[in-house]
Each structure stands twice: as C-alpha cells, then as structure tokens.
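Engineer: Here you go, entry05.pdb (PDB, C-alpha atoms):
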MODEL        1
ATOM      1  CA  MET A 155     -16.746  27.001 -38.684
ATOM      2  CA  THR A 156     -19.686  25.982 -36.580
ATOM      3  CA  GLU A 157     -20.993  27.506 -33.387
ATOM      4  CA  SER A 158     -19.490  24.703 -31.271
ATOM      5  CA  THR A 159     -16.030  25.134 -32.853
ATOM      6  CA  ASP A 160     -16.223  28.889 -32.257
ATOM      7  CA  GLN A 161     -17.263  28.354 -28.632
ATOM      8  CA  ALA A 162     -14.601  25.716 -28.062
ATOM      9  CA  GLY A 163     -11.968  27.940 -29.677
ATOM     10  CA  ALA A 164     -12.888  30.865 -27.424
ATOM     11  CA  LEU A 165     -12.788  28.637 -24.334
ATOM     12  CA  ALA A 166      -9.444  27.167 -25.396
ATOM     13  CA  GLN A 167      -8.049  30.685 -25.702
ATOM     14  CA  GLN A 168      -9.400  31.522 -22.231
ATOM     15  CA  LEU A 169      -7.703  28.389 -20.906
ATOM     16  CA  SER A 170      -4.452  29.485 -22.521
ATOM     17  CA  ASP A 171      -4.774  32.879 -20.825
ATOM     18  CA  ILE A 172      -5.494  31.236 -17.464
ATOM     19  CA  LEU A 173      -2.410  29.037 -17.828
ATOM     20  CA  GLU A 174      -0.297  32.138 -18.492
ATOM     21  CA  MET A 175      -1.721  33.814 -15.368
ATOM     22  CA  GLU A 176      -1.068  30.606 -13.436
ATOM     23  CA  PHE A 177       2.567  30.615 -14.600
ATOM     24  CA  GLU A 178       3.014  34.229 -13.530
ATOM     25  CA  ALA A 179       1.459  33.490 -10.111
ATOM     26  CA  LEU A 180       3.810  30.525  -9.660
ATOM     27  CA  ARG A 181       6.796  32.539 -10.826
ATOM     28  CA  VAL A 182       6.234  35.288  -8.242
ATOM     29  CA  GLN A 183       4.968  32.781  -5.647
ATOM     30  CA  ASP A 184       1.519  34.344  -5.378
ATOM     31  CA  LEU A 185      -0.233  31.258  -4.069
ATOM     32  CA  ASP A 186      -3.511  33.082  -3.403
ATOM     33  CA  LYS A 187      -3.765  34.044  -7.082
ATOM     34  CA  PHE A 188      -2.769  30.528  -8.114
ATOM     35  CA  GLU A 189      -5.520  29.034  -5.926
ATOM     36  CA  GLN A 190      -8.101  31.487  -7.306
ATOM     37  CA  LEU A 191      -7.346  30.329 -10.855
ATOM     38  CA  GLN A 192      -7.883  26.619 -10.166
ATOM     39  CA  PRO A 193     -11.727  26.586 -10.116
ATOM     40  CA  VAL A 194     -11.818  28.729 -13.267
ATOM     41  CA  LYS A 195      -9.437  26.357 -15.017
ATOM     42  CA  THR A 196     -11.457  23.330 -13.911
ATOM     43  CA  GLU A 197     -14.681  24.888 -15.163
ATOM     44  CA  LEU A 198     -13.116  25.677 -18.549
ATOM     45  CA  LEU A 199     -11.813  22.131 -18.891
ATOM     46  CA  THR A 200     -15.228  20.709 -18.031
ATOM     47  CA  GLU A 201     -16.925  22.893 -20.632
ATOM     48  CA  LEU A 202     -14.277  22.059 -23.253
ATOM     49  CA  THR A 203     -14.797  18.354 -22.610
ATOM     50  CA  ARG A 204     -18.511  18.811 -23.187
ATOM     51  CA  LEU A 205     -18.116  20.823 -26.423
ATOM     52  CA  ALA A 206     -15.236  19.167 -28.228
ATOM     53  CA  PRO A 207     -15.377  15.823 -30.012
ATOM     54  CA  PRO A 208     -12.951  13.081 -28.915
ATOM     55  CA  ALA A 209      -9.277  13.724 -29.719
ATOM     56  CA  GLU A 210      -9.196  10.988 -32.359
ATOM     57  CA  GLN A 211     -11.958  12.747 -34.325
ATOM     58  CA  ILE A 212     -10.451  16.225 -33.988
ATOM     59  CA  GLN A 213      -7.367  15.147 -35.934
ATOM     60  CA  SER A 214      -9.499  14.301 -38.972
ATOM     61  CA  LEU A 215     -11.824  17.342 -38.834
ATOM     62  CA  PRO A 216     -10.278  20.386 -40.534
ATOM     63  CA  GLU A 217     -12.630  22.857 -38.796
ATOM     64  CA  TRP A 218     -11.156  21.796 -35.422
ATOM     65  CA  GLN A 219      -7.481  22.300 -36.345
ATOM     66  CA  ASP A 220      -7.186  25.790 -34.794
ATOM     67  CA  PHE A 221      -8.775  24.446 -31.614
ATOM     68  CA  ARG A 222      -6.383  21.486 -31.623
ATOM     69  CA  GLU A 223      -3.341  23.746 -31.985
ATOM     70  CA  THR A 224      -4.526  25.987 -29.146
ATOM     71  CA  MET A 225      -5.096  22.958 -26.927
ATOM     72  CA  LEU A 226      -1.632  21.599 -27.738
ATOM     73  CA  GLY A 227      -0.269  24.969 -26.626
ATOM     74  CA  CYS A 228      -2.323  24.651 -23.441
ATOM     75  CA  ARG A 229      -0.873  21.198 -22.841
ATOM     76  CA  ASP A 230       2.648  22.579 -23.179
ATOM     77  CA  ALA A 231       1.832  25.524 -20.884
ATOM     78  CA  HIS A 232       0.410  23.135 -18.289
ATOM     79  CA  ARG A 233       3.577  21.016 -18.446
ATOM     80  CA  ARG A 234       5.721  24.143 -18.055
ATOM     81  CA  ASN A 235       3.700  25.185 -14.992
ATOM     82  CA  ALA A 236       3.944  21.706 -13.497
ATOM     83  CA  MET A 237       7.708  21.694 -14.033
ATOM     84  CA  LEU A 238       8.081  25.104 -12.377
ATOM     85  CA  MET A 239       5.976  23.957  -9.436
ATOM     86  CA  GLU A 240       8.018  20.769  -9.103
ATOM     87  CA  ARG A 241      11.297  22.725  -9.139
ATOM     88  CA  LYS A 242      10.042  25.028  -6.411
ATOM     89  CA  LEU A 243       8.882  22.054  -4.332
ATOM     90  CA  GLU A 244      12.266  20.353  -4.785
ATOM     91  CA  ALA A 245      14.028  23.512  -3.579
ATOM     92  CA  ILE A 246      11.806  23.576  -0.500
ATOM     93  CA  ARG A 247      12.391  19.856   0.134
ATOM     94  CA  GLY A 248      16.136  20.393  -0.211
ATOM     95  CA  THR A 249      16.055  23.216   2.296
ATOM     96  CA  LEU A 250      14.032  21.151   4.747
ATOM     97  CA  GLN A 251      16.355  18.198   4.258
ATOM     98  CA  SER A 252      19.411  20.333   4.965
ATOM     99  CA  LEU A 253      17.832  21.516   8.214
ATOM    100  CA  ARG A 254      17.215  17.894   9.264
ATOM    101  CA  LEU A 255      20.663  16.724   8.233
ATOM    102  CA  GLU A 256      22.382  14.735  10.968
ATOM    103  CA  ASP A 257      25.780  14.476   9.264
ATOM    104  CA  PRO A 258      28.350  16.039  11.667
ATOM    105  CA  SER A 259      30.583  16.978   8.731
ATOM    106  CA  SER A 260      27.792  19.046   7.173
ATOM    107  CA  SER A 261      28.644  22.684   6.589
ATOM    108  CA  VAL A 262      25.031  23.852   6.605
ATOM    109  CA  GLU A 263      24.674  27.129   8.441
ATOM    110  CA  VAL A 264      21.470  28.172  10.136
ATOM    111  CA  TYR A 265      20.431  30.957  12.479
ATOM    112  CA  ASP A 266      20.457  30.285  16.201
ATOM    113  CA  ARG A 267      17.872  31.606  18.663
ATOM    114  CA  LEU A 268      19.634  34.974  18.858
ATOM    115  CA  GLY A 269      19.631  35.402  15.089
ATOM    116  CA  HIS A 270      23.327  34.675  14.637
ATOM    117  CA  ILE A 271      24.593  32.266  12.026
ATOM    118  CA  SER A 272      25.832  29.091  13.624
ATOM    119  CA  ARG A 273      26.985  25.800  12.194
ATOM    120  CA  PHE A 274      24.176  23.293  12.381
ATOM    121  CA  SER A 275      24.835  20.363  14.657
ATOM    122  CA  ARG A 276      22.618  18.075  16.663
ATOM    123  CA  LYS A 277      23.279  17.573  20.333
ATOM    124  CA  THR A 278      22.784  14.019  21.444
ATOM    125  CA  GLY A 279      22.087  14.759  25.093
ATOM    126  CA  TYR A 280      22.871  16.902  28.094
ATOM    127  CA  SER A 281      26.472  15.712  28.271
ATOM    128  CA  ASP A 282      27.225  17.492  24.942
ATOM    129  CA  ALA A 283      26.354  20.919  26.358
TER     130      ALA A 283
ENDMDL
END
Show me this structure written as structure tokens.
Structural biologist:
Amino acid sequence: MTESTDQAGALAQQLSDILEMEFEALRVQDLDKFEQLQPVKTELLTELTRLAPPAEQIQSLPEWQDFRETMLGCRDAHRRNAMLMERKLEAIRGTLQSLRLEDPSSSVEVYDRLGHISRFSRKTGYSDA
C-alpha cells in the first residue's frame, strides 16, 4: 500500500462514520446535527476526489480494492440516508396535503382553535356559519 491509498482509505472510513452519524441524526430528527455534518462530509468528499484515481482505474488496481469496497459501502449508506429523508419528507407532504384537502367527504380530523378535535371542513363564506 502507498501513502495515498492509506490516506484515502482513512478518509473513506471517516466518510463512512459520518454517513452513520447522518443516518442517526435523520432517524431521531436532529436536524441541527445533520446540518453540522454536511460541511464535514463535503470536505471529505473533496479530499477523496483529490487523492483517489478515477473509478475506472481503481477497478484494475489491487492496492485500491479496500478503498473501493469502503466507498461502495458509503454509496449504499448515502442512498439509505436519502431514502429515509425522502420518506420523512413524503410523510410531511402528506400531512400538509391532508390539512389542505377540500373534499367534503374527507374524514381528516384536526384541532380547532380551542384544542378540540373537529372534522376538517372548509367554509365557503359567511352564509355557511
């Protein structure tokens, strides 16, 4: 192993650790922690881009195989995090959509101004009151 493969391997492992912390922050909805991790992740990716040879070359260089495997794990972790984030966003969008729903047959219940659960319905004017 060369110095650059050792450095790249260490950075790839740090990236893997950051992606795990990112997943945990997303899981518990700690957005402050998630935001703090983004510049660190970006810096690691920039440094990895500088150190590592192009992907096509890595496949044919045996000394880069451990690095390649770690980076494939990072890719999968990133996809997992993106999927979790997308699911959470879809849940939020669904909630917002249900609050905007204008279908009179909707059985969506929301809290009124007094904190009581009331069936959601839109009034069309003063005559409905």
Engineer: Just to confirm, what's the straight-line distance from CA of Met239 in chain A to CA of Glu176 in chain A in Å (one decimal)?
Structural biologist: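 Calculated distance between CA of Met239 in chain A and CA of Glu176 in chain A is 10.5 Å.
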Engineer: Mind pulling up the distance from CA of Gln167 in chain A to CA of Leu226 in chain A?
Structural biologist: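 Result for CA of Leu226 in chain A versus CA of Gln167 in chain A: 11.3 Å, one decimal.
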Engineer: Evaluate the PyMOL selection byres ((chain A and resi 228) around 9) on the structure here and hand back the selected residues as a VMD selection string.
Structural biologist: chain A and resid 166 to 167 169 to 171 173 223 to 227 229 to 233
Engineer: Measure the distance from CA of Ala162 in chain A to CA of Arg204 in chain A in Å and round it to one decimal.
Structural biologist: 9.3 Å
Engineer: So, with only C-alpha atoms as the atoms that count, which of A:Gln168, A:Ser214, A:Thr156, A:Gln219 lies closest to Leu199 in chain A?
Structural biologist: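 Among A:Gln168, A:Ser214, A:Thr156, A:Gln219, it is A:Gln168 that comes nearest to Leu199 in chain A.
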Engineer: List the residues matched by the PyMOL selection byres ((chain A and resi 175) around 12) in the displayed structure as a PyMOL selection string, ordered by chain and then by residue number.
Structural biologist: chain A and resi 168-174+176-185+187-192+194-195+231-232+235
Engineer: Calculated over all atoms listed in the file, which of the candidates A:Ser252, A:Arg247, A:Leu165, A:Arg222 has the smallest distance to Thr200 in chain A?
Structural biologist: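 The answer is A:Leu165, which sits nearest to Thr200 in chain A.
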Engineer: For each of A:Glu197, A:Asp186, A:Asp160, A:Glu240, take the minimum atom-to-atom distance to Asp220 in chain A, counting only C-alpha atoms, then give the residue where this is smallest.
Structural biologist: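 That would be A:Asp160, the residue with the smallest distance to Asp220 in chain A.
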